[in-house]
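To keep things clear, I will list the structure first and then write my remarks on it.
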Amino acid sequence: MTFDFQKGCIKFIRGGSYPHCHTLFIDDRIPCLIDASSREDILREIESSKKIQVIITSHGHEDHMMYNYLFPKADLWVPEKDAPVFKDVRNLIKLYGVTT
């Protein structure tokens, strides 16, 4: 598995542009990902070898949560003000001003 940058237990996965973002993999006692939206192939490989325990999503935009579903057993940490987006996708749609 190749990372774009690594410093100790912190590994950087370049995500490119929308609808992706960069991901940080904290390869420590409690394996963790921050913004799991970079490269699906690498994220799948991490999950198969490390069993991610925590996903931290910095905010409730789709380009920061795209691959959260790959880690169904991980605890999800999100900012309190963005919690409604994670409870119901319709709240994300409302965030963009779309009405149904």
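Going by the structure tokens order, chains are called A, B, ..., each with residues numbered from 1, while ligands are numbered from 1 in the order shown.
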Next on the checklist: For the helix (DSSP H, G or I) assignment from backbone DSSP, which residues of chain A qualify? Please present them as an MDAnalysis selection string.
Outcome noted: chainID A and resid 40:50 62:64 68:70 80:87 89:95
Checklist entry - Can you tell me, as a VMD selection string, what residues are no more than 7 Å from Asp63 of chain A when counting only C-alpha atoms, ignoring any on the same chain fewer than 4 positions away? => result chain A and resid 18 to 21 37
Those selected residues, please, written with N, CA and C atoms and delivered as a compact mmCIF listing (two decimals), in the first residue's frame.
# COMPACT_ATOMS: atom_id res chain seq x y z
N TYR A 18 -13.13 17.47 -6.36
CA TYR A 18 -14.50 17.05 -6.13
C TYR A 18 -14.91 15.98 -7.15
N PRO A 19 -15.57 14.92 -6.74
CA PRO A 19 -16.26 14.69 -5.48
C PRO A 19 -15.43 13.96 -4.43
N HIS A 20 -14.14 14.09 -4.51
CA HIS A 20 -13.24 13.46 -3.54
C HIS A 20 -12.55 14.52 -2.70
N CYS A 21 -11.88 14.08 -1.64
CA CYS A 21 -11.03 14.97 -0.85
C CYS A 21 -9.86 14.14 -0.34
N SER A 37 -12.67 9.90 1.86
CA SER A 37 -13.21 10.19 0.52
C SER A 37 -12.13 10.30 -0.54
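If you measure from each of A:Ser48, A:Ser38, A:Thr57, A:Thr99 to Asp75 of chain A using only C-alpha atoms, the closest one turns out to be A:Thr57.
These are the residues of chain A assigned strand (DSSP E or B) by DSSP from backbone coordinates: Phe5, Gln6, Lys7, Ile10, Lys11, Phe12, Ile13, Thr23, Leu24, Phe25, Ile26, Cys32, Leu33, Ile34, Val54, Ile55, Ile56, Asp75, Leu76 and Trp77 of chain A.
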Checklist entry - From the set A:Met1, A:Leu70, A:Leu76, A:Ile46, which residue has the shortest atom-to-atom contact distance to Ser58 of chain A, counting only C-alpha atoms? => result A:Leu76
Checklist entry - So which residues touch Pro84 of chain A within 12 Å, counting only C-alpha atoms, skipping near sequence neighbours fewer than 5 positions away, as a list of chain:residue names? => result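 Here the qualifying residues turn out to be A:His59, A:Gly60, A:His61, A:Val78, A:Pro79, A:Val89, A:Arg90, A:Asn91, A:Leu92, A:Ile93, A:Lys94, A:Leu95.
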Checklist entry - So, counting only C-alpha atoms, which residue among A:Arg14, A:Ile56, A:Tyr96, A:Ala83 is closest to Asn68 of chain A? => result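 Looking at the shortest contact to Asn68 of chain A, the residue is A:Ile56.
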Next on the checklist: Considering only C-alpha atoms, can you say which of A:Tyr67, A:Phe25, A:Ser17, A:Gln53 comes closest to Asp41 of chain A?
Outcome noted: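 Between A:Tyr67, A:Phe25, A:Ser17, A:Gln53, the residue approaching Asp41 of chain A most closely is A:Tyr67.
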Checklist entry - Using only C-alpha atoms, which of A:Val54, A:Leu24, A:Ile42, A:Cys9 sits nearest Phe71 of chain A? => result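 Residue with the minimum atom-to-atom distance to Phe71 of chain A: A:Val54.
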Next on the checklist: Nearest residue to Pro72 of chain A out of A:Phe12, A:Glu47, A:Asp88, A:Asp28, using only C-alpha atoms?
Outcome noted: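 Closest residue, counting only C-alpha atoms: A:Glu47.
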Checklist entry - Near Lys11 of chain A, counting only C-alpha atoms, which residues have an atom at most 8 Å away, once you skip same-chain residues fewer than 2 positions from it, shown as a list of chain:residue names? => result A:Phe3, A:Asp4, A:Phe5, A:Gln6, A:Lys7, A:Gly8, A:Cys9, A:Ile13, A:Leu24, A:Phe25, A:Ile26, A:Asp27
